[in-house]
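Novice: Coordinates in run_22.txt, compact mmCIF, C-alpha atoms and all ligand atoms, are listed below.
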```
# COMPACT_ATOMS: atom_id res chain seq x y z
CA MET A 1 167.41 44.71 163.27
CA ARG A 2 167.96 41.91 165.80
CA THR A 3 169.12 43.18 169.18
CA PRO A 4 172.18 41.18 170.22
CA LEU A 5 171.72 38.87 173.18
CA VAL A 6 174.46 37.64 175.47
CA ILE A 7 173.64 34.91 177.98
CA ALA A 8 175.82 33.76 180.85
CA ASN A 9 175.53 30.06 181.63
CA TRP A 10 177.20 29.61 184.98
CA LYS A 11 176.60 25.84 184.84
CA MET A 12 177.23 24.14 188.22
CA PHE A 13 179.33 26.99 189.50
CA GLY A 14 178.30 29.56 192.06
CA THR A 15 177.61 29.06 195.73
CA LEU A 16 175.72 32.03 197.10
CA ALA A 17 179.00 33.38 198.40
CA GLU A 18 180.34 33.34 194.84
CA ALA A 19 177.16 34.18 192.94
CA ARG A 20 176.37 37.43 194.76
CA PRO A 21 179.63 39.25 194.00
CA LEU A 22 179.65 37.90 190.43
CA ALA A 23 176.12 39.17 189.72
CA THR A 24 176.91 42.46 191.41
CA GLY A 25 180.04 42.85 189.29
CA VAL A 26 178.11 42.26 186.06
CA ARG A 27 175.32 44.61 187.13
CA ASP A 28 177.74 47.40 188.04
CA GLY A 29 179.87 46.84 184.95
CA LEU A 30 176.83 47.28 182.71
CA LYS A 31 175.30 50.31 184.39
CA ARG A 32 173.86 52.69 181.82
CA PHE A 33 174.87 50.26 179.08
CA LYS A 34 172.42 49.84 176.22
CA GLY A 35 172.05 48.06 172.92
CA VAL A 36 172.47 44.45 174.06
CA ASP A 37 170.08 42.16 175.92
CA VAL A 38 171.82 40.34 178.74
CA VAL A 39 170.65 37.32 180.74
CA LEU A 40 172.36 35.56 183.64
CA CYS A 41 171.62 31.87 184.22
CA PRO A 42 172.95 30.94 187.65
CA PRO A 43 172.32 27.55 189.30
CA TYR A 44 168.79 27.14 190.72
CA THR A 45 170.01 27.74 194.26
CA ALA A 46 171.28 31.21 193.38
CA LEU A 47 168.32 32.34 191.27
CA MET A 48 166.59 34.23 194.05
CA ALA A 49 169.73 35.99 195.29
CA VAL A 50 170.83 36.94 191.78
CA GLY A 51 167.29 38.06 190.92
CA GLU A 52 167.36 40.44 193.87
CA ILE A 53 170.69 41.88 192.76
CA LEU A 54 169.42 42.40 189.19
CA GLN A 55 166.12 43.92 190.25
CA GLY A 56 165.44 47.26 188.58
CA THR A 57 168.07 46.65 185.89
CA PRO A 58 167.49 45.52 182.30
CA ILE A 59 169.60 42.39 182.92
CA GLY A 60 167.37 39.33 182.76
CA LEU A 61 167.34 36.21 184.87
CA GLY A 62 167.26 32.74 183.32
CA ALA A 63 167.46 29.12 184.41
CA GLN A 64 169.62 26.37 183.01
CA ASN A 65 166.89 23.75 182.74
CA CYS A 66 163.29 23.01 183.69
CA HIS A 67 160.77 20.20 183.79
CA TYR A 68 158.03 20.20 181.18
CA GLU A 69 155.12 19.89 183.60
CA ALA A 70 153.71 22.67 185.76
CA SER A 71 153.83 20.51 188.90
CA GLY A 72 153.81 16.85 189.83
CA ALA A 73 155.52 13.98 191.58
CA HIS A 74 158.96 14.49 190.02
CA THR A 75 161.49 14.39 192.82
CA GLY A 76 164.32 16.83 192.36
CA GLU A 77 162.80 18.62 189.37
CA ILE A 78 161.90 22.29 188.95
CA ALA A 79 158.75 23.42 187.13
CA PRO A 80 158.41 26.45 184.83
CA PRO A 81 156.00 28.35 187.15
CA MET A 82 158.57 28.08 189.96
CA LEU A 83 161.09 29.80 187.72
CA VAL A 84 158.62 32.46 186.67
CA GLU A 85 157.87 33.17 190.33
CA LEU A 86 161.56 33.87 190.90
CA GLY A 87 161.63 36.35 188.03
CA CYS A 88 163.08 34.14 185.30
CA ARG A 89 162.17 35.12 181.77
CA SER A 90 164.17 32.50 179.91
CA VAL A 91 165.44 28.97 180.29
CA LEU A 92 168.16 27.00 178.54
CA ILE A 93 166.79 23.81 177.04
CA GLY A 94 168.65 20.86 175.56
CA HIS A 95 172.16 21.92 176.49
CA SER A 96 174.59 19.28 175.22
CA GLU A 97 175.80 18.60 178.76
CA ARG A 98 172.25 17.61 179.70
CA ARG A 99 171.79 15.61 176.53
CA ARG A 100 175.03 13.74 177.22
CA GLU A 101 175.12 13.45 181.01
CA MET A 102 171.41 13.25 181.80
CA GLY A 103 170.29 11.39 178.67
CA GLU A 104 167.97 14.14 177.45
CA THR A 105 166.47 13.09 174.15
CA ASP A 106 165.13 15.28 171.36
CA GLU A 107 161.63 14.26 172.42
CA LEU A 108 162.18 15.36 176.02
CA VAL A 109 163.76 18.60 174.81
CA ASN A 110 160.66 19.25 172.71
CA ARG A 111 158.36 18.68 175.69
CA LYS A 112 160.42 21.13 177.71
CA VAL A 113 160.18 23.74 174.96
CA HIS A 114 156.39 23.40 175.03
CA GLY A 115 156.34 23.48 178.83
CA ALA A 116 158.47 26.61 179.02
CA LEU A 117 156.40 28.44 176.40
CA ALA A 118 153.17 27.53 178.17
CA HIS A 119 154.36 29.58 181.15
CA GLY A 120 155.73 32.53 179.23
CA LEU A 121 159.40 31.60 179.45
CA THR A 122 161.67 32.11 176.45
CA PRO A 123 163.25 28.76 175.62
CA VAL A 124 166.87 28.97 174.52
CA LEU A 125 167.06 25.81 172.46
CA CYS A 126 170.62 24.48 172.30
CA VAL A 127 171.80 22.48 169.30
CA GLY A 128 175.19 21.40 168.03
CA GLU A 129 177.23 18.55 166.64
CA THR A 130 179.98 16.49 168.25
CA ALA A 131 183.52 16.41 166.89
CA GLU A 132 182.86 12.99 165.38
CA GLU A 133 179.70 14.19 163.64
CA ARG A 134 181.60 17.13 162.16
CA ARG A 135 184.39 14.82 161.00
CA GLN A 136 181.83 12.65 159.27
CA GLY A 137 180.25 15.62 157.53
CA LEU A 138 177.09 15.31 159.64
CA THR A 139 177.01 18.81 161.11
CA PHE A 140 173.93 19.99 159.23
CA THR A 141 172.19 16.62 159.59
CA THR A 142 172.63 16.71 163.36
CA VAL A 143 171.54 20.31 163.72
CA GLU A 144 168.58 19.70 161.42
CA GLY A 145 167.44 16.70 163.46
CA GLN A 146 167.74 18.57 166.76
CA LEU A 147 165.91 21.61 165.40
CA ARG A 148 163.09 19.72 163.70
CA ALA A 149 162.52 17.65 166.83
CA GLY A 150 162.91 20.57 169.22
CA LEU A 151 160.40 22.71 167.33
CA ALA A 152 157.89 19.92 166.66
CA GLY A 153 154.29 20.91 167.25
CA LEU A 154 154.98 24.65 167.47
CA ASP A 155 153.23 27.10 165.20
CA ALA A 156 155.14 29.97 163.61
CA ALA A 157 154.20 32.42 166.38
CA ALA A 158 155.57 30.05 169.02
CA VAL A 159 158.81 29.54 167.09
CA GLY A 160 159.09 33.32 167.03
CA ARG A 161 159.30 33.33 170.83
CA LEU A 162 162.40 31.12 170.91
CA VAL A 163 166.10 31.76 170.86
CA VAL A 164 168.39 29.17 169.28
CA ALA A 165 171.93 28.62 170.52
CA TYR A 166 174.38 26.84 168.25
CA GLU A 167 176.93 25.21 170.50
CA PRO A 168 179.23 22.75 168.76
CA VAL A 169 180.01 20.16 171.42
CA TRP A 170 183.70 20.11 170.46
CA ALA A 171 183.99 23.81 171.23
CA ILE A 172 182.45 23.70 174.72
CA GLY A 173 184.99 24.12 177.47
CA THR A 174 187.85 23.16 175.18
CA GLY A 175 189.32 26.59 174.48
CA VAL A 176 188.80 25.92 170.78
CA ASN A 177 185.95 28.05 169.47
CA ALA A 178 184.37 27.56 166.07
CA THR A 179 185.78 30.00 163.56
CA PRO A 180 183.42 32.88 162.76
CA GLN A 181 182.95 31.32 159.31
CA GLN A 182 182.11 27.86 160.70
CA ALA A 183 179.60 29.37 163.10
CA ALA A 184 178.07 31.73 160.54
CA GLU A 185 177.61 28.83 158.12
CA VAL A 186 175.57 26.85 160.67
CA HIS A 187 173.67 29.93 161.82
CA GLY A 188 172.66 30.61 158.22
CA TYR A 189 171.57 27.00 157.93
CA VAL A 190 169.48 27.29 161.13
CA ARG A 191 167.81 30.43 159.80
CA GLY A 192 167.05 28.74 156.49
CA LEU A 193 165.49 25.77 158.22
CA VAL A 194 163.42 27.96 160.54
CA SER A 195 162.23 29.87 157.51
CA GLU A 196 160.99 26.57 156.11
CA LEU A 197 159.53 25.27 159.40
CA ALA A 198 157.92 28.54 160.54
CA SER A 199 158.11 31.50 158.16
CA LYS A 200 160.58 33.86 156.56
CA GLU A 201 159.58 36.65 158.95
CA VAL A 202 160.10 34.45 162.00
CA ALA A 203 163.49 33.33 160.67
CA GLN A 204 164.55 36.94 160.08
CA GLY A 205 163.64 37.91 163.62
CA LEU A 206 165.11 34.81 165.27
CA ARG A 207 168.18 35.33 167.40
CA VAL A 208 170.77 32.62 166.87
CA LEU A 209 173.54 32.71 169.46
CA TYR A 210 176.92 31.06 169.28
CA GLY A 211 178.34 29.20 172.27
CA GLY A 212 181.59 27.33 172.80
CA SER A 213 184.75 28.81 174.28
CA VAL A 214 183.66 32.41 173.72
CA LYS A 215 186.21 34.63 175.48
CA ALA A 216 186.73 38.36 175.43
CA ASP A 217 189.45 38.00 172.81
CA SER A 218 187.54 35.64 170.47
CA ALA A 219 184.26 37.55 170.81
CA ASP A 220 185.14 40.40 168.43
CA ALA A 221 185.49 38.28 165.32
CA LEU A 222 182.55 36.01 166.14
CA LEU A 223 180.18 38.86 166.94
CA ALA A 224 181.14 40.80 163.82
CA GLU A 225 179.37 38.14 161.72
CA SER A 226 175.91 39.29 160.69
CA GLU A 227 174.50 35.79 161.24
CA ILE A 228 175.72 35.66 164.86
CA ASP A 229 173.23 37.48 167.06
CA GLY A 230 175.06 37.08 170.33
CA ALA A 231 176.74 34.54 172.56
CA LEU A 232 176.01 31.88 175.14
CA VAL A 233 179.00 32.08 177.41
CA GLY A 234 180.10 29.40 179.87
CA GLY A 235 183.51 29.61 181.53
CA ALA A 236 184.19 33.24 180.63
CA SER A 237 180.93 34.32 182.28
CA LEU A 238 182.33 33.39 185.69
CA ASN A 239 184.47 36.50 185.65
CA ALA A 240 182.44 39.70 185.83
CA GLN A 241 184.95 41.86 184.00
CA GLY A 242 185.49 39.32 181.22
CA PHE A 243 181.76 38.83 180.74
CA VAL A 244 181.08 42.58 180.70
CA SER A 245 183.71 42.99 178.05
CA ILE A 246 182.03 40.30 175.87
CA VAL A 247 178.69 42.12 176.24
CA LYS A 248 180.30 45.38 175.13
CA LYS A 249 181.82 43.64 172.13
CA ALA A 250 178.40 42.35 171.13
CA ALA A 251 177.18 45.95 171.04
CA ARG A 252 180.15 47.00 168.94
CA GLY A 253 179.60 44.05 166.58
CA ALA A 254 176.03 45.16 165.98
CA ALA A 255 177.12 48.76 165.49
CA THR A 256 179.76 47.70 162.94
CA ARG A 257 177.12 45.81 161.03
CA GLY A 258 174.92 48.90 161.02
CA GLU A 259 172.13 47.42 163.15
P1 LIG A 301 182.24 27.49 177.48
O1 LIG A 301 182.06 28.94 177.17
O2 LIG A 301 182.81 27.24 178.84
O3 LIG A 301 182.94 26.76 176.37
O4 LIG A 301 180.76 26.85 177.56
C1 LIG A 301 179.88 27.12 176.54
C2 LIG A 301 178.55 26.64 176.96
O5 LIG A 301 178.30 25.45 177.06
C3 LIG A 301 177.53 27.65 177.28
O6 LIG A 301 176.27 27.07 177.43
```
Step by step, read the file and then write its structure as structure tokens.
Specialist:
Amino acid sequence: MRTPLVIANWKMFGTLAEARPLATGVRDGLKRFKGVDVVLCPPYTALMAVGEILQGTPIGLGAQNCHYEASGAHTGEIAPPMLVELGCRSVLIGHSERRREMGETDELVNRKVHGALAHGLTPVLCVGETAEERRQGLTFTTVEGQLRAGLAGLDAAAVGRLVVAYEPVWAIGTGVNATPQQAAEVHGYVRGLVSELASKEVAQGLRVLYGGSVKADSADALLAESEIDGALVGGASLNAQGFVSIVKKAARGAATRGE
């Protein structure tokens, strides 16, 4: 029912010399491949080059961040229409690295969600607890707070245009992914909350991705869970072959579940 979605977050990796062959490798590896939506999010500086490589393919282009305003005196920032002009269809918002390193608050994340939607971009709203929060039994509380704040002021139709990515902070870049059960539990919680905040229909159609140390060998079990609609892949997306294999597993996961 929900088409799986696999997003590559290249983070601050990828000079043009590196980005071009990587994007070409993913494009060629997924030729004639169907059943999964795929988006590459390179750094801003590689968006145009990667967009050219992906042109004419179903692979989408996304950005890793954006400002909430359409233009303005905001030195060093990038506005949603600039991303749209380059062919971006989605944008990651509220990634934990930005929350932690750049001090992004829930309120700022919410403004960005509104800003992205206003220009037709699909916001990929990232939520997730730290190791300490999980230890203290605050996983659902944290995710609830981030979701409520991130979705504030959106009507049900707008919520229906989002993707949510559950990325437990303790699983990012550590090599320790959440177990399929841990992830599915939070995904189910996210869907329940969205059902309450928007509607049951919106919640049923919402794609909730898992992110955090997804590798080709951990992807099978994660993507076999019916609550896990795809993956947001960091480190493993920097290798074309590895990323292509995760995408193919997402298709198999959906097939196994009869979708
Ligand atoms: P890793 O896959 O490197 O753990 O990163 C996950 C992530 O943060 C994707 O946004």
Novice: With a distance cut-off of 12 Å and all atoms listed in the file, select the neighbouring residues of Lys200 of chain A, excluding the residue or stretch itself and same-chain residues fewer than 3 positions from it, and output the selection as a list of chain:residue names.
Specialist: A:Ala156, A:Ala157, A:Val159, A:Gly160, A:Val190, A:Arg191, A:Gly192, A:Leu193, A:Val194, A:Ser195, A:Glu196, A:Leu197, A:Ala203, A:Gln204, A:Gly205, A:Leu206
Novice: Rounded to one decimal in Å, what is the spacing between atom CA of Arg20 of chain A and atom CA of Ile172 of chain A?
Specialist: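 Those two atoms sit 25.0 Å apart.
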Novice: As a quick test: using only C-alpha atoms and all ligand atoms, which residues lie no more than 8 Å away from ligand LIG 301 (chain A)? Give them as a PDB file with C-alpha atoms, in the frame of the given file.
Specialist:
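As a result, result-v2.pdb now contains:
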```
ATOM      1  CA  ALA A   8     175.820  33.760 180.850  1.00  0.00           C
ATOM      2  CA  ASN A   9     175.530  30.060 181.630  1.00  0.00           C
ATOM      3  CA  TRP A  10     177.200  29.610 184.980  1.00  0.00           C
ATOM      4  CA  LYS A  11     176.600  25.840 184.840  1.00  0.00           C
ATOM      5  CA  HIS A  95     172.160  21.920 176.490  1.00  0.00           C
ATOM      6  CA  SER A  96     174.590  19.280 175.220  1.00  0.00           C
ATOM      7  CA  GLU A  97     175.800  18.600 178.760  1.00  0.00           C
ATOM      8  CA  GLU A 167     176.930  25.210 170.500  1.00  0.00           C
ATOM      9  CA  VAL A 169     180.010  20.160 171.420  1.00  0.00           C
ATOM     10  CA  ALA A 171     183.990  23.810 171.230  1.00  0.00           C
ATOM     11  CA  ILE A 172     182.450  23.700 174.720  1.00  0.00           C
ATOM     12  CA  GLY A 173     184.990  24.120 177.470  1.00  0.00           C
ATOM     13  CA  THR A 174     187.850  23.160 175.180  1.00  0.00           C
ATOM     14  CA  GLY A 175     189.320  26.590 174.480  1.00  0.00           C
ATOM     15  CA  ASN A 177     185.950  28.050 169.470  1.00  0.00           C
ATOM     16  CA  GLY A 211     178.340  29.200 172.270  1.00  0.00           C
ATOM     17  CA  GLY A 212     181.590  27.330 172.800  1.00  0.00           C
ATOM     18  CA  SER A 213     184.750  28.810 174.280  1.00  0.00           C
ATOM     19  CA  VAL A 214     183.660  32.410 173.720  1.00  0.00           C
ATOM     20  CA  LYS A 215     186.210  34.630 175.480  1.00  0.00           C
ATOM     21  CA  LEU A 232     176.010  31.880 175.140  1.00  0.00           C
ATOM     22  CA  VAL A 233     179.000  32.080 177.410  1.00  0.00           C
ATOM     23  CA  GLY A 234     180.100  29.400 179.870  1.00  0.00           C
ATOM     24  CA  GLY A 235     183.510  29.610 181.530  1.00  0.00           C
ATOM     25  CA  ALA A 236     184.190  33.240 180.630  1.00  0.00           C
ATOM     26  CA  SER A 237     180.930  34.320 182.280  1.00  0.00           C
TER      27      SER A 237
END
```
Novice: Hey, can you check how far atom CA of Gly56 of chain A sits from atom CA of Ile93 of chain A?
Specialist: 26.2 Å
Novice: Hey, which of A:Gln182, A:Thr142, A:Ser90, A:Thr15 ends up closest to Gly115 of chain A? Count all atoms listed in the file.
Specialist: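 Nearest candidate to Gly115 of chain A out of A:Gln182, A:Thr142, A:Ser90, A:Thr15: A:Ser90.
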Novice: Atom CA of Leu222 of chain A and atom CA of Gly35 of chain A are how many Å apart?
Specialist: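 Computed distance, atom CA of Leu222 of chain A to atom CA of Gly35 of chain A, equals 17.4 Å.
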Novice: Skipping near chain neighbours, those fewer than 6 positions away, what residues fall within 10 Å of segment 105-108 of chain A using only C-alpha atoms, listed as an MDAnalysis selection string?
Specialist: chainID A and resid 67:68 93:94 98:99 114 145:152
Novice: Counting only C-alpha atoms, which residue out of A:Leu5, A:Ile228, A:Ala221, A:Val84 sits closest to Gly188 of chain A?
Specialist: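 The shortest atom-to-atom distance to Gly188 of chain A comes from A:Ile228.
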Novice: How would segment 57-83 of chain A look with N, CA and C atoms restored, written as a PDB file, in the frame of the given file?
Specialist:
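Output file rebuild.pdb follows:
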```pdb
ATOM      1  N   THR A  57     167.130  46.485 187.008  1.00  0.00           N
ATOM      2  CA  THR A  57     168.070  46.650 185.890  1.00  0.00           C
ATOM      3  C   THR A  57     167.479  45.937 184.666  1.00  0.00           C
ATOM      4  N   PRO A  58     168.003  46.230 183.475  1.00  0.00           N
ATOM      5  CA  PRO A  58     167.490  45.520 182.300  1.00  0.00           C
ATOM      6  C   PRO A  58     168.071  44.107 182.159  1.00  0.00           C
ATOM      7  N   ILE A  59     168.982  43.718 183.037  1.00  0.00           N
ATOM      8  CA  ILE A  59     169.600  42.390 182.920  1.00  0.00           C
ATOM      9  C   ILE A  59     168.581  41.330 183.360  1.00  0.00           C
ATOM     10  N   GLY A  60     168.378  40.354 182.492  1.00  0.00           N
ATOM     11  CA  GLY A  60     167.370  39.330 182.760  1.00  0.00           C
ATOM     12  C   GLY A  60     167.927  38.164 183.545  1.00  0.00           C
ATOM     13  N   LEU A  61     166.984  37.395 184.102  1.00  0.00           N
ATOM     14  CA  LEU A  61     167.340  36.210 184.870  1.00  0.00           C
ATOM     15  C   LEU A  61     166.843  34.992 184.095  1.00  0.00           C
ATOM     16  N   GLY A  62     167.668  33.967 184.018  1.00  0.00           N
ATOM     17  CA  GLY A  62     167.260  32.740 183.320  1.00  0.00           C
ATOM     18  C   GLY A  62     167.691  31.520 184.093  1.00  0.00           C
ATOM     19  N   ALA A  63     167.080  30.387 183.767  1.00  0.00           N
ATOM     20  CA  ALA A  63     167.460  29.120 184.410  1.00  0.00           C
ATOM     21  C   ALA A  63     168.178  28.249 183.387  1.00  0.00           C
ATOM     22  N   GLN A  64     168.825  27.222 183.884  1.00  0.00           N
ATOM     23  CA  GLN A  64     169.620  26.370 183.010  1.00  0.00           C
ATOM     24  C   GLN A  64     168.864  25.144 182.518  1.00  0.00           C
ATOM     25  N   ASN A  65     167.649  24.951 183.061  1.00  0.00           N
ATOM     26  CA  ASN A  65     166.890  23.750 182.740  1.00  0.00           C
ATOM     27  C   ASN A  65     165.521  23.892 183.401  1.00  0.00           C
ATOM     28  N   CYS A  66     164.569  23.090 182.970  1.00  0.00           N
ATOM     29  CA  CYS A  66     163.290  23.010 183.690  1.00  0.00           C
ATOM     30  C   CYS A  66     162.612  21.699 183.345  1.00  0.00           C
ATOM     31  N   HIS A  67     161.614  21.340 184.130  1.00  0.00           N
ATOM     32  CA  HIS A  67     160.770  20.200 183.790  1.00  0.00           C
ATOM     33  C   HIS A  67     159.707  20.694 182.829  1.00  0.00           C
ATOM     34  N   TYR A  68     159.038  19.756 182.137  1.00  0.00           N
ATOM     35  CA  TYR A  68     158.030  20.200 181.180  1.00  0.00           C
ATOM     36  C   TYR A  68     156.644  20.368 181.789  1.00  0.00           C
ATOM     37  N   GLU A  69     156.444  19.769 182.978  1.00  0.00           N
ATOM     38  CA  GLU A  69     155.120  19.890 183.600  1.00  0.00           C
ATOM     39  C   GLU A  69     155.090  21.057 184.578  1.00  0.00           C
ATOM     40  N   ALA A  70     153.871  21.518 184.874  1.00  0.00           N
ATOM     41  CA  ALA A  70     153.710  22.670 185.760  1.00  0.00           C
ATOM     42  C   ALA A  70     153.883  22.291 187.223  1.00  0.00           C
ATOM     43  N   SER A  71     153.639  21.028 187.547  1.00  0.00           N
ATOM     44  CA  SER A  71     153.830  20.510 188.900  1.00  0.00           C
ATOM     45  C   SER A  71     153.680  18.999 188.805  1.00  0.00           C
ATOM     46  N   GLY A  72     153.989  18.303 189.871  1.00  0.00           N
ATOM     47  CA  GLY A  72     153.810  16.850 189.830  1.00  0.00           C
ATOM     48  C   GLY A  72     154.799  16.132 190.718  1.00  0.00           C
ATOM     49  N   ALA A  73     154.645  14.812 190.756  1.00  0.00           N
ATOM     50  CA  ALA A  73     155.520  13.980 191.580  1.00  0.00           C
ATOM     51  C   ALA A  73     156.795  13.673 190.795  1.00  0.00           C
ATOM     52  N   HIS A  74     157.705  14.633 190.772  1.00  0.00           N
ATOM     53  CA  HIS A  74     158.960  14.490 190.020  1.00  0.00           C
ATOM     54  C   HIS A  74     160.096  14.944 190.926  1.00  0.00           C
ATOM     55  N   THR A  75     160.506  14.055 191.804  1.00  0.00           N
ATOM     56  CA  THR A  75     161.490  14.390 192.820  1.00  0.00           C
ATOM     57  C   THR A  75     162.745  15.039 192.230  1.00  0.00           C
ATOM     58  N   GLY A  76     163.078  16.174 192.771  1.00  0.00           N
ATOM     59  CA  GLY A  76     164.320  16.830 192.360  1.00  0.00           C
ATOM     60  C   GLY A  76     164.174  17.732 191.144  1.00  0.00           C
ATOM     61  N   GLU A  77     162.982  17.803 190.575  1.00  0.00           N
ATOM     62  CA  GLU A  77     162.800  18.620 189.370  1.00  0.00           C
ATOM     63  C   GLU A  77     162.249  20.012 189.713  1.00  0.00           C
ATOM     64  N   ILE A  78     162.359  20.912 188.778  1.00  0.00           N
ATOM     65  CA  ILE A  78     161.900  22.290 188.950  1.00  0.00           C
ATOM     66  C   ILE A  78     160.953  22.635 187.797  1.00  0.00           C
ATOM     67  N   ALA A  79     159.773  23.147 188.145  1.00  0.00           N
ATOM     68  CA  ALA A  79     158.750  23.420 187.130  1.00  0.00           C
ATOM     69  C   ALA A  79     158.813  24.866 186.628  1.00  0.00           C
ATOM     70  N   PRO A  80     158.378  25.086 185.382  1.00  0.00           N
ATOM     71  CA  PRO A  80     158.410  26.450 184.830  1.00  0.00           C
ATOM     72  C   PRO A  80     157.761  27.521 185.726  1.00  0.00           C
ATOM     73  N   PRO A  81     156.577  27.267 186.333  1.00  0.00           N
ATOM     74  CA  PRO A  81     156.000  28.350 187.150  1.00  0.00           C
ATOM     75  C   PRO A  81     156.879  28.728 188.348  1.00  0.00           C
ATOM     76  N   MET A  82     157.668  27.776 188.834  1.00  0.00           N
ATOM     77  CA  MET A  82     158.570  28.080 189.960  1.00  0.00           C
ATOM     78  C   MET A  82     159.649  29.063 189.505  1.00  0.00           C
ATOM     79  N   LEU A  83     160.065  28.894 188.264  1.00  0.00           N
ATOM     80  CA  LEU A  83     161.090  29.800 187.720  1.00  0.00           C
ATOM     81  C   LEU A  83     160.509  31.180 187.464  1.00  0.00           C
TER      82      LEU A  83
END
```
